[in-house]
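*Asks:* Mind looking over this structure? Questions follow.
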Amino acid sequence: MLSQKTRYAMVALTRLAREYGKGAILISELANSEKIPRRYLENILLELKKMGILGSKLGKTGGYFLLRHPKDVNLAEIVRQFEGPIALLSCVSEKAYQSCEFCKDELACNIRKVFKEIRDITFAKLESTTLEVLIA
């Protein structure tokens with residue numbers, strides 16, 4: 001299950017994607033319109049800025065905006081940032097692989113095969129789903 005933080009990140013990014021190219025959005029406006037607690041949202045937006053997805057502008061017309069086009073931001077990178085590996089088992093993870101303590105032979109393990117398939121399908125769907133797709 002996705003954490004509240006990940007869901008808030010996706011909601012905020014979807015709103016920013018709708019406003020892509022129109023300038024910055026104030027945190028207070030984003031928090032109010034999307035019903036996200038402001039203090040929580042501030043941390044999320046800072047994390048997205050460190051990832052290079054968002055930019056910010058100070059002043060009266062300041063706020064946050066997407067640095068990249070909505071078609072260039074996919075859900076896989078958001079989920080990985082806020083949730084960690086996409087794989088449900090570490091022995092099938094591409095980014096956080098660890099050998100399985102229960103398998104005698106990973107290549108012959110049918111449990112691993114099923115969870116690798118789940119990881120592959122999940123990753124493919126998350127990677128192909130961009131912010132542009134979410135706002136269409």
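Every chain in the structure tokens has a letter given in the order shown (A, B, ...), and although residue numbers restart at 1 in each chain, ligands are simply numbered from 1 in the order shown.
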From the DSSP assignment of the backbone, select every residue of chain A that is strand (DSSP E or B), and format the answer as an NGL selection string.
*Replies:* :A and (25 or 54-57 or 63-66 or 74 or 130)
*Asks:* Would you mind listing what lies within 12 Å of Ser99 of chain A as number ranges by chain, with only C-alpha atoms counted and same-chain residues fewer than 6 positions away left out?
*Replies:* A: 89-93, 105-107, 112
*Asks:* How would the residues just chosen look if you wrote them out with N, CA and C atoms as a short mmCIF file (atom, residue, chain, number, x, y, z; two decimals), in the first residue's frame?
*Replies:*
```cif
data_model
loop_
_atom_site.label_atom_id
_atom_site.label_comp_id
_atom_site.auth_asym_id
_atom_site.auth_seq_id
_atom_site.Cartn_x
_atom_site.Cartn_y
_atom_site.Cartn_z
N LEU A 89 9.90 -8.39 -2.96
CA LEU A 89 10.95 -9.23 -2.38
C LEU A 89 12.31 -8.67 -2.80
N SER A 90 13.24 -8.64 -1.88
CA SER A 90 14.56 -8.07 -2.20
C SER A 90 15.32 -8.90 -3.22
N CYS A 91 15.01 -10.17 -3.34
CA CYS A 91 15.73 -11.03 -4.29
C CYS A 91 15.30 -10.78 -5.75
N VAL A 92 14.28 -9.96 -5.97
CA VAL A 92 13.88 -9.61 -7.34
C VAL A 92 14.03 -8.11 -7.61
N SER A 93 14.55 -7.39 -6.64
CA SER A 93 14.72 -5.94 -6.78
C SER A 93 15.87 -5.61 -7.71
N ASP A 105 18.20 -22.24 -4.41
CA ASP A 105 18.55 -21.95 -5.81
C ASP A 105 17.56 -20.91 -6.34
N GLU A 106 17.98 -19.65 -6.41
CA GLU A 106 17.09 -18.58 -6.85
C GLU A 106 16.52 -18.82 -8.24
N LEU A 107 17.32 -19.36 -9.13
CA LEU A 107 16.85 -19.58 -10.50
C LEU A 107 15.73 -20.61 -10.58
N ARG A 112 10.02 -16.81 -6.27
CA ARG A 112 10.79 -15.69 -6.83
C ARG A 112 10.31 -15.36 -8.24
#
```
*Asks:* Would you pick out the contacts of Cys103 of chain A at 12 Å or less, using only C-alpha atoms, so that residues sharing its chain but fewer than 5 positions from it are not included, and give the list as a list in words?
*Replies:* Cys91, Gln98, Ala108, Cys109, Asn110, Ile111, Arg112 and Lys113 of chain A
*Asks:* May I have the selected residues written with C-alpha atoms, as a PDB file, in the first residue's frame?
*Replies:*
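Output saved as again_35.pdb:
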```pdb
ATOM      1  CA  CYS A  91      15.727 -11.027  -4.295  1.00  0.00           C
ATOM      2  CA  GLN A  98      19.735  -8.960  -1.719  1.00  0.00           C
ATOM      3  CA  ALA A 108      14.643 -22.565  -9.632  1.00  0.00           C
ATOM      4  CA  CYS A 109      12.519 -20.784  -7.019  1.00  0.00           C
ATOM      5  CA  ASN A 110       8.917 -20.528  -8.215  1.00  0.00           C
ATOM      6  CA  ILE A 111       8.022 -17.955  -5.547  1.00  0.00           C
ATOM      7  CA  ARG A 112      10.792 -15.692  -6.826  1.00  0.00           C
ATOM      8  CA  LYS A 113       9.601 -16.164 -10.420  1.00  0.00           C
TER       9      LYS A 113
END
```
*Asks:* Taking 5 positions as the minimum chain separation for residues in the same chain, which residues sit within 9 Å of Ile53 of chain A when counting only C-alpha atoms? Answer as a list in words.
*Replies:*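 The contact residues come out as Leu48, Phe65, Leu66, Leu67, Arg68 and Val73 of chain A.
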*Asks:* Can you work out the spacing between atom CA of Tyr64 of chain A and atom CA of Gly23 of chain A in Å, to one decimal?
*Replies:*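 Separation of atom CA of Tyr64 of chain A and atom CA of Gly23 of chain A: 8.2 Å.
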*Asks:* Which neighbours of Leu16 of chain A fall inside 10 Å, counting only C-alpha atoms, when residues of the same chain fewer than 5 positions from it are skipped, and could you give them as a list in words?
*Replies:*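 Returned residues: Met10, Val11, Gly21, Lys22, Gly23, Ala24, Ile25, Leu30, Leu54, Tyr64, Phe65, Leu66, Pro70, Leu131 and Ile135 of chain A.
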*Asks:* From the list A:Ser3, A:Thr122, A:Ser56, A:Asn74, which residue is nearest Leu88 of chain A when using only C-alpha atoms?
*Replies:* A:Thr122
*Asks:* Give the answer as one residue: which of A:Leu58, A:Ala9, A:Ala17, A:Ala76 has the shortest atom-to-atom distance to Leu45 of chain A, using only C-alpha atoms?
*Replies:*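 Ranking A:Leu58, A:Ala9, A:Ala17, A:Ala76 by distance to Leu45 of chain A, first place goes to A:Ala9.
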*Asks:* Write out as a list in words all residues of segment 85-121 of chain A that DSSP puts in helix (DSSP H, G or I) for this structure's backbone.
*Replies:*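 Of segment 85-121 of chain A, only Ser90, Cys91, Val92, Glu106, Leu107, Ala108, Asn110, Ile111, Arg112, Lys113, Val114, Phe115, Lys116, Glu117, Ile118, Arg119, Asp120 and Ile121 of chain A fall in helix (DSSP H, G or I).
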*Asks:* Report as a PyMOL selection string all protein, DNA and RNA residues lying within 7 Å of Thr130 of chain A, evaluated on only C-alpha atoms, omitting residues in the same chain fewer than 2 positions from it.
*Replies:* chain A and resi 70-75+128+132-134
*Asks:* Would you save the residues from that selection as a compact mmCIF listing (two decimals), in the first residue's frame, using C-alpha atoms?
*Replies:*
```txt
# COMPACT_ATOMS: atom_id res chain seq x y z
CA PRO A 70 4.73 16.34 -17.58
CA LYS A 71 5.51 13.65 -20.17
CA ASP A 72 9.02 13.38 -18.70
CA VAL A 73 7.99 12.59 -15.12
CA ASN A 74 6.81 9.03 -14.49
CA LEU A 75 5.28 7.39 -11.45
CA SER A 128 4.83 4.24 -18.66
CA GLU A 132 0.86 13.87 -18.75
CA VAL A 133 -1.18 10.65 -18.74
CA LEU A 134 -2.66 11.54 -15.34
```
*Asks:* Which polymer residues have any atom within 12 Å of an atom of Glu42 of chain A, counting only C-alpha atoms, with same-chain residues fewer than 3 positions away left out, as an mmCIF file with N, CA and C atoms, in the first residue's frame?
*Replies:*
```cif
data_model
loop_
_atom_site.group_PDB
_atom_site.id
_atom_site.type_symbol
_atom_site.label_atom_id
_atom_site.label_comp_id
_atom_site.auth_asym_id
_atom_site.auth_seq_id
_atom_site.Cartn_x
_atom_site.Cartn_y
_atom_site.Cartn_z
ATOM 1 N N LYS A 5 2.331 10.037 2.156
ATOM 2 C CA LYS A 5 3.311 10.956 1.583
ATOM 3 C C LYS A 5 3.405 10.771 0.065
ATOM 4 N N TYR A 8 0.185 12.093 -1.544
ATOM 5 C CA TYR A 8 0.211 13.553 -1.566
ATOM 6 C C TYR A 8 1.156 14.064 -2.658
ATOM 7 N N ALA A 9 2.314 13.420 -2.803
ATOM 8 C CA ALA A 9 3.264 13.825 -3.840
ATOM 9 C C ALA A 9 2.623 13.708 -5.225
ATOM 10 N N ALA A 12 -0.069 16.495 -5.642
ATOM 11 C CA ALA A 12 0.566 17.799 -5.856
ATOM 12 C C ALA A 12 1.177 17.883 -7.252
ATOM 13 N N LEU A 26 1.777 28.999 -5.393
ATOM 14 C CA LEU A 26 2.086 29.151 -3.977
ATOM 15 C C LEU A 26 1.787 27.869 -3.218
ATOM 16 N N ILE A 27 2.607 27.565 -2.222
ATOM 17 C CA ILE A 27 2.376 26.372 -1.400
ATOM 18 C C ILE A 27 1.003 26.443 -0.754
ATOM 19 N N SER A 28 0.627 27.610 -0.256
ATOM 20 C CA SER A 28 -0.671 27.738 0.421
ATOM 21 C C SER A 28 -1.822 27.432 -0.527
ATOM 22 N N LEU A 30 -1.657 25.533 -3.267
ATOM 23 C CA LEU A 30 -1.582 24.105 -3.570
ATOM 24 C C LEU A 30 -2.120 23.272 -2.404
ATOM 25 N N ALA A 31 -1.722 23.624 -1.199
ATOM 26 C CA ALA A 31 -2.184 22.896 -0.005
ATOM 27 C C ALA A 31 -3.699 23.000 0.137
ATOM 28 N N ILE A 36 -4.027 19.178 1.251
ATOM 29 C CA ILE A 36 -2.807 18.570 1.782
ATOM 30 C C ILE A 36 -2.302 19.472 2.904
ATOM 31 N N PRO A 37 -2.015 18.920 4.076
ATOM 32 C CA PRO A 37 -1.481 19.758 5.153
ATOM 33 C C PRO A 37 -0.216 20.494 4.687
ATOM 34 N N ARG A 38 -0.206 21.801 4.893
ATOM 35 C CA ARG A 38 0.871 22.644 4.366
ATOM 36 C C ARG A 38 2.261 22.204 4.824
ATOM 37 N N ARG A 39 2.440 21.946 6.096
ATOM 38 C CA ARG A 39 3.773 21.580 6.602
ATOM 39 C C ARG A 39 4.256 20.279 5.967
ATOM 40 N N LEU A 45 7.517 18.830 -1.323
ATOM 41 C CA LEU A 45 7.962 19.668 -2.439
ATOM 42 C C LEU A 45 9.481 19.868 -2.414
ATOM 43 N N LEU A 46 10.045 19.999 -1.236
ATOM 44 C CA LEU A 46 11.504 20.126 -1.131
ATOM 45 C C LEU A 46 12.195 18.858 -1.638
ATOM 46 N N GLU A 47 11.635 17.722 -1.302
ATOM 47 C CA GLU A 47 12.203 16.453 -1.778
ATOM 48 C C GLU A 47 12.119 16.352 -3.303
ATOM 49 N N LEU A 48 10.987 16.765 -3.859
ATOM 50 C CA LEU A 48 10.817 16.740 -5.313
ATOM 51 C C LEU A 48 11.751 17.745 -5.991
ATOM 52 N N LYS A 49 12.026 18.841 -5.318
ATOM 53 C CA LYS A 49 12.973 19.830 -5.849
ATOM 54 C C LYS A 49 14.383 19.242 -5.873
ATOM 55 N N SER A 56 11.637 26.292 -7.822
ATOM 56 C CA SER A 56 10.896 27.212 -6.957
ATOM 57 C C SER A 56 11.316 28.638 -7.247
ATOM 58 N N GLY A 63 6.597 30.387 -5.619
ATOM 59 C CA GLY A 63 5.976 29.091 -5.394
ATOM 60 C C GLY A 63 6.765 28.018 -6.103
ATOM 61 N N TYR A 64 6.104 26.942 -6.411
ATOM 62 C CA TYR A 64 6.744 25.792 -7.062
ATOM 63 C C TYR A 64 6.175 25.580 -8.451
#
```
*Asks:* Give me, please, the distance in Å between atom CA of Lys95 of chain A and atom CA of Arg80 of chain A, quoted to one decimal.
*Replies:* 9.3 Å
*Asks:* What is the atom CA of Gly55 of chain A-atom CA of Glu19 of chain A distance in Å, reported with one decimal?
*Replies:*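 About the pair atom CA of Gly55 of chain A and atom CA of Glu19 of chain A: they are 13.3 Å apart.
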*Asks:* When distances are computed from only C-alpha atoms, which of A:Lys116, A:Tyr20, A:Arg15, A:Ala136 shows the smallest separation from Asn32 of chain A?
*Replies:*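 Of A:Lys116, A:Tyr20, A:Arg15, A:Ala136, the one nearest Asn32 of chain A is A:Arg15, counting only C-alpha atoms.
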